[in-house]
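Asks: For reference, this is input.cif, and it has mmCIF, C-alpha atoms.
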```cif
data_query
#
loop_
_atom_site.label_atom_id
_atom_site.label_comp_id
_atom_site.auth_asym_id
_atom_site.auth_seq_id
_atom_site.Cartn_x
_atom_site.Cartn_y
_atom_site.Cartn_z
CA MET A 1 91.47 97.82 130.23
CA SER A 2 92.29 95.10 127.72
CA GLY A 3 95.61 95.03 125.97
CA PHE A 4 96.67 93.29 122.83
CA TYR A 5 95.93 89.90 124.30
CA PRO A 6 92.47 88.87 125.51
CA GLY A 7 92.31 88.52 129.25
CA LEU A 8 95.42 90.65 129.80
CA SER A 9 94.75 93.89 131.56
CA LEU A 10 97.14 96.62 132.57
CA PRO A 11 96.89 98.56 135.84
CA GLY A 12 94.86 101.76 135.69
CA TRP A 13 97.79 103.95 136.74
CA LEU A 14 99.66 102.75 133.67
CA VAL A 15 97.04 103.38 131.00
CA THR A 16 95.22 106.56 131.99
CA SER A 17 94.68 109.16 129.29
CA ASN A 18 97.22 111.54 130.84
CA SER A 19 99.70 108.73 131.36
CA ALA A 20 103.43 109.25 131.03
CA LEU A 21 103.60 106.18 128.84
CA LEU A 22 103.83 108.59 125.95
CA ASN A 23 107.45 108.69 127.08
CA LEU A 24 107.77 105.07 125.99
CA ARG A 25 107.68 106.27 122.40
CA LEU A 26 111.33 106.94 123.08
CA LEU A 27 111.77 103.18 122.90
CA ARG A 28 111.87 103.63 119.16
CA VAL A 29 115.56 104.05 119.78
CA LEU A 30 115.62 100.28 120.21
CA LYS A 31 115.36 100.05 116.43
CA PHE A 32 118.91 101.38 116.47
CA GLN A 33 119.93 98.14 118.18
CA ARG A 34 119.71 96.46 114.76
CA VAL A 35 122.70 98.53 113.70
CA LEU A 36 124.54 97.53 116.86
CA THR A 37 124.34 93.77 116.33
CA ASP A 38 127.85 93.22 114.99
CA GLU A 39 130.91 95.12 113.81
CA LYS A 40 130.19 94.64 110.11
CA THR A 41 126.71 96.18 110.32
CA TYR A 42 127.96 98.97 112.56
CA MET A 43 130.79 99.71 110.14
CA LYS A 44 128.29 100.06 107.28
CA PHE A 45 126.26 102.46 109.42
CA GLU A 46 129.31 104.56 110.29
CA MET A 47 130.41 104.66 106.65
CA ALA A 48 126.90 105.82 105.67
CA LEU A 49 127.40 108.69 108.11
CA GLY A 50 130.54 109.66 106.21
CA MET A 51 133.29 108.06 108.27
CA LYS A 52 136.18 106.32 106.60
CA LYS A 53 136.42 102.57 107.01
CA SER A 54 139.79 102.95 108.73
CA ASP A 55 138.28 105.30 111.37
CA VAL A 56 135.72 102.77 112.63
CA ARG A 57 136.92 100.92 115.74
CA PRO A 58 135.35 97.99 117.63
CA TYR A 59 135.24 99.93 120.90
CA GLN A 60 132.97 102.50 119.21
CA LEU A 61 130.37 99.77 118.77
CA GLN A 62 130.50 99.00 122.50
CA LEU A 63 130.30 102.71 123.35
CA ALA A 64 127.17 103.06 121.20
CA ARG A 65 125.67 100.02 122.94
CA VAL A 66 126.34 101.48 126.39
CA ILE A 67 124.83 104.85 125.46
CA ILE A 68 121.71 103.28 123.97
CA THR A 69 121.30 100.97 126.97
CA ILE A 70 121.59 103.80 129.50
CA PHE A 71 119.25 106.03 127.49
CA THR A 72 116.67 103.25 127.20
CA LEU A 73 116.81 102.30 130.89
CA ALA A 74 116.60 105.94 131.97
CA SER A 75 113.64 106.75 129.72
CA VAL A 76 111.69 103.65 130.76
CA SER A 77 112.31 104.08 134.49
CA THR A 78 111.55 107.80 134.31
CA GLY A 79 108.31 107.25 132.41
CA LEU A 80 107.14 104.52 134.76
CA ILE A 81 108.00 106.42 137.94
CA TYR A 82 106.30 109.53 136.59
CA ALA A 83 103.19 107.55 135.67
CA ALA A 84 103.06 105.89 139.09
CA GLU A 85 103.88 108.86 141.32
CA HIS A 86 103.20 112.28 139.79
CA GLU A 87 99.53 112.51 140.76
CA VAL A 88 99.95 111.43 144.39
CA ASN A 89 103.52 112.33 145.29
CA PRO A 90 104.20 116.05 145.77
CA GLN A 91 107.94 115.33 145.50
CA ILE A 92 107.54 114.44 141.79
CA PRO A 93 105.57 117.34 140.29
CA ASP A 94 107.04 117.22 136.79
CA TYR A 95 108.85 115.00 134.31
CA PHE A 96 112.31 116.47 134.97
CA THR A 97 112.05 115.69 138.65
CA ALA A 98 111.10 112.14 137.68
CA LEU A 99 114.12 112.06 135.34
CA TYR A 100 116.37 113.17 138.19
CA PHE A 101 114.88 110.53 140.46
CA GLY A 102 115.08 107.86 137.76
CA LEU A 103 118.76 108.55 137.07
CA THR A 104 119.73 108.57 140.74
CA THR A 105 117.82 105.33 141.22
CA LEU A 106 119.24 103.67 138.11
CA THR A 107 122.80 104.53 139.12
CA THR A 108 121.99 103.31 142.65
CA LEU A 109 123.14 106.66 144.01
CA GLY A 110 119.85 107.41 145.77
CA PHE A 111 120.23 110.73 147.57
CA GLY A 112 117.06 110.12 149.59
CA ASP A 113 115.54 113.51 148.86
CA ILE A 114 112.71 111.92 146.87
CA THR A 115 110.96 108.70 147.88
CA PRO A 116 108.15 106.78 146.20
CA ILE A 117 104.96 106.49 148.20
CA THR A 118 102.85 104.13 146.08
CA PRO A 119 103.43 100.38 145.80
CA GLN A 120 103.71 100.77 142.03
CA GLY A 121 106.39 103.44 142.44
CA ARG A 122 108.31 101.24 144.85
CA PHE A 123 108.11 98.34 142.40
CA VAL A 124 109.50 100.55 139.61
CA VAL A 125 112.32 101.68 141.91
CA VAL A 126 113.22 98.08 142.79
CA MET A 127 113.29 97.10 139.12
CA SER A 128 115.39 100.18 138.29
CA ILE A 129 117.89 99.35 140.99
CA LEU A 130 118.16 95.75 139.81
CA ALA A 131 118.63 96.89 136.20
CA GLY A 132 121.21 99.45 137.30
CA VAL A 133 123.16 96.86 139.27
CA ALA A 134 123.00 94.12 136.62
CA ILE A 135 123.03 95.77 133.21
CA ILE A 136 125.12 98.93 133.45
CA PRO A 137 128.27 97.34 134.98
CA ALA A 138 128.18 94.51 132.43
CA GLN A 139 127.95 97.01 129.58
CA ALA A 140 130.73 99.13 131.08
CA ALA A 141 132.96 96.07 131.48
CA SER A 142 132.50 95.08 127.85
CA LEU A 143 133.27 98.66 126.80
CA ALA A 144 136.47 98.65 128.86
CA GLU A 145 137.47 95.29 127.41
CA ALA A 146 136.90 96.47 123.84
CA TYR A 147 138.90 99.65 124.48
CA LEU A 148 141.79 97.71 126.04
CA ASP A 149 141.82 95.36 123.04
CA PHE A 150 141.99 98.41 120.78
CA GLN A 151 144.90 99.84 122.78
CA LYS A 152 146.71 96.49 122.62
CA GLU A 153 146.24 96.29 118.83
CA ARG A 154 147.48 99.85 118.45
CA ALA A 155 150.58 99.08 120.54
CA MET A 156 151.27 95.95 118.50
CA GLY A 157 150.98 97.96 115.28
CA LYS A 158 153.61 100.47 116.44
CA LYS A 159 156.24 97.81 117.13
CA LYS A 160 158.26 97.06 114.05
CA PRO A 161 159.66 93.57 113.84
CA ARG A 162 163.43 93.41 113.67
CA LYS A 163 164.74 92.43 110.32
CA VAL A 164 166.93 89.40 110.29
CA GLY A 165 168.70 88.50 107.12
CA PRO A 166 171.38 89.57 104.71
CA ASP A 167 170.32 93.23 104.68
CA ASN A 168 170.86 93.47 108.43
CA MET A 169 174.36 91.97 108.39
CA LYS A 170 177.77 93.65 108.29
CA ARG A 171 179.42 91.51 105.73
CA ASN A 172 182.95 92.76 106.33
CA GLN A 173 183.07 92.56 110.11
CA LEU A 174 184.91 89.46 111.29
CA CYS A 175 185.67 88.46 114.86
CA SER A 176 189.25 89.32 115.83
CA ASN A 177 189.42 86.29 118.14
CA CYS A 178 188.02 83.42 116.03
CA GLY A 179 187.65 84.97 112.58
CA SER A 180 183.90 84.17 112.35
CA GLY A 181 181.63 86.43 110.38
CA PRO A 182 179.66 88.09 109.09
CA HIS A 183 177.89 89.50 112.14
CA ARG A 184 174.59 91.34 112.46
CA SER A 185 174.85 95.10 112.37
CA ASP A 186 173.42 95.39 115.89
CA ALA A 187 175.73 92.72 117.41
CA PHE A 188 178.24 93.70 120.10
CA PHE A 189 179.65 90.20 120.61
CA CYS A 190 180.71 87.40 118.28
CA TRP A 191 178.01 84.85 117.65
CA ASN A 192 180.62 82.04 117.69
CA CYS A 193 183.00 82.71 120.59
CA GLY A 194 181.36 85.60 122.52
CA GLU A 195 184.35 87.98 122.13
CA SER A 196 183.59 91.72 122.01
CA LEU A 197 183.42 92.99 118.43
CA GLY A 198 184.41 96.54 119.32
CA SER A 199 183.19 99.21 116.95
#
```
Once more with this new file: its structure as structure tokens, please.
Replies:
Amino acid sequence: MSGFYPGLSLPGWLVTSNSALLNLRLLRVLKFQRVLTDEKTYMKFEMALGMKKSDVRPYQLQLARVIITIFTLASVSTGLIYAAEHEVNPQIPDYFTALYFGLTTLTTLGFGDITPITPQGRFVVVMSILAGVAIIPAQAASLAEAYLDFQKERAMGKKKPRKVGPDNMKRNQLCSNCGSGPHRSDAFFCWNCGESLGS
């Protein structure tokens, strides 16, 4: 069967009339990736949903990216494994079994209760494993990094810098040893000679 390009043909198992490629319509979610390009665009999207500008955090962008990536990989691997195996493999009778198999393959868990029997199914499994090993940990690492940066910024915001200046000085307190003053209100020792200031 010819595709969009002359001379390019797709395998029969992929383009049959009862093919599971209808599942690939779920790839429309990739349009959402346009919103996930940068923080500014994502912030506009969140504000359109009714969130306040102050509630939008950078780690939320990374979380949305991870969710979309996992959803996309799972739907593609499930659709392809279902298309390749459901007619010949009695272990994959329906789409939900293919979803279970696709998720266990993508996460590289692989219980071993379902195995592909066609070369096409094995190829899909290999590609799913490679995607699961390469893409998901990288996305999770960037999510963790963004969340840690958020926690660090929050911790920095809670620390109040100490005031230094005339308002933080006890003007009347002089050192009993050397007569130096004034001293800071939080000082226990003289800044000039090191003698205890007492109370």
Asks: Evaluate the PyMOL selection byres ((chain A and resi 119) around 12) against this structure - the residues, as a list in words, please.
Replies: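 Checked against the file, the PyMOL selection byres ((chain A and resi 119) around 12) matches Trp13, Ile81, Ala84, Glu85, Val88, Asn89, Thr115, Pro116, Ile117, Thr118, Gln120, Gly121, Arg122, Phe123, Val124, Val125 and Val126 of chain A.
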Asks: Could you tell me which residues the PyMOL selection byres ((chain A and resi 57) around 10) returns for this structure, as a list in words?
Replies: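 Residues picked by the PyMOL selection byres ((chain A and resi 57) around 10): Glu39, Tyr42, Met43, Lys53, Ser54, Asp55, Val56, Pro58, Tyr59, Gln60, Leu61, Gln62, Ala146, Tyr147 and Phe150 of chain A.
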Asks: The PyMOL selection byres ((chain A and resi 77) around 12) - which residues does that actually catch in the file I just gave you? List them as a PyMOL selection string.
Replies: chain A and resi 20-21+23-24+26-27+70-76+78-85+95+98-107+120-132
Asks: For Gly198 in chain A, please output as a count of residues only all residues within 10 Å (counting only C-alpha atoms; exclusion window: fewer than 4 positions along the same chain).
Replies: 6
Asks: What gap, in Å, lies between CA of Leu148 in chain A and CA of Leu63 in chain A?
Replies: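 A separation of 12.8 Å between them.
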Asks: Could you work out how far CA of Met47 in chain A lies from CA of Gln139 in chain A, giving the answer in Å with one decimal?
Replies: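 Computing the Euclidean distance for CA of Gln139 in chain A and CA of Met47 in chain A yields 24.3 Å.
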Asks: Between CA of Lys152 in chain A and CA of Leu49 in chain A, what is the distance, to one decimal in Å?
Replies: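 Value for the CA of Lys152 in chain A-CA of Leu49 in chain A distance: 27.1 Å.
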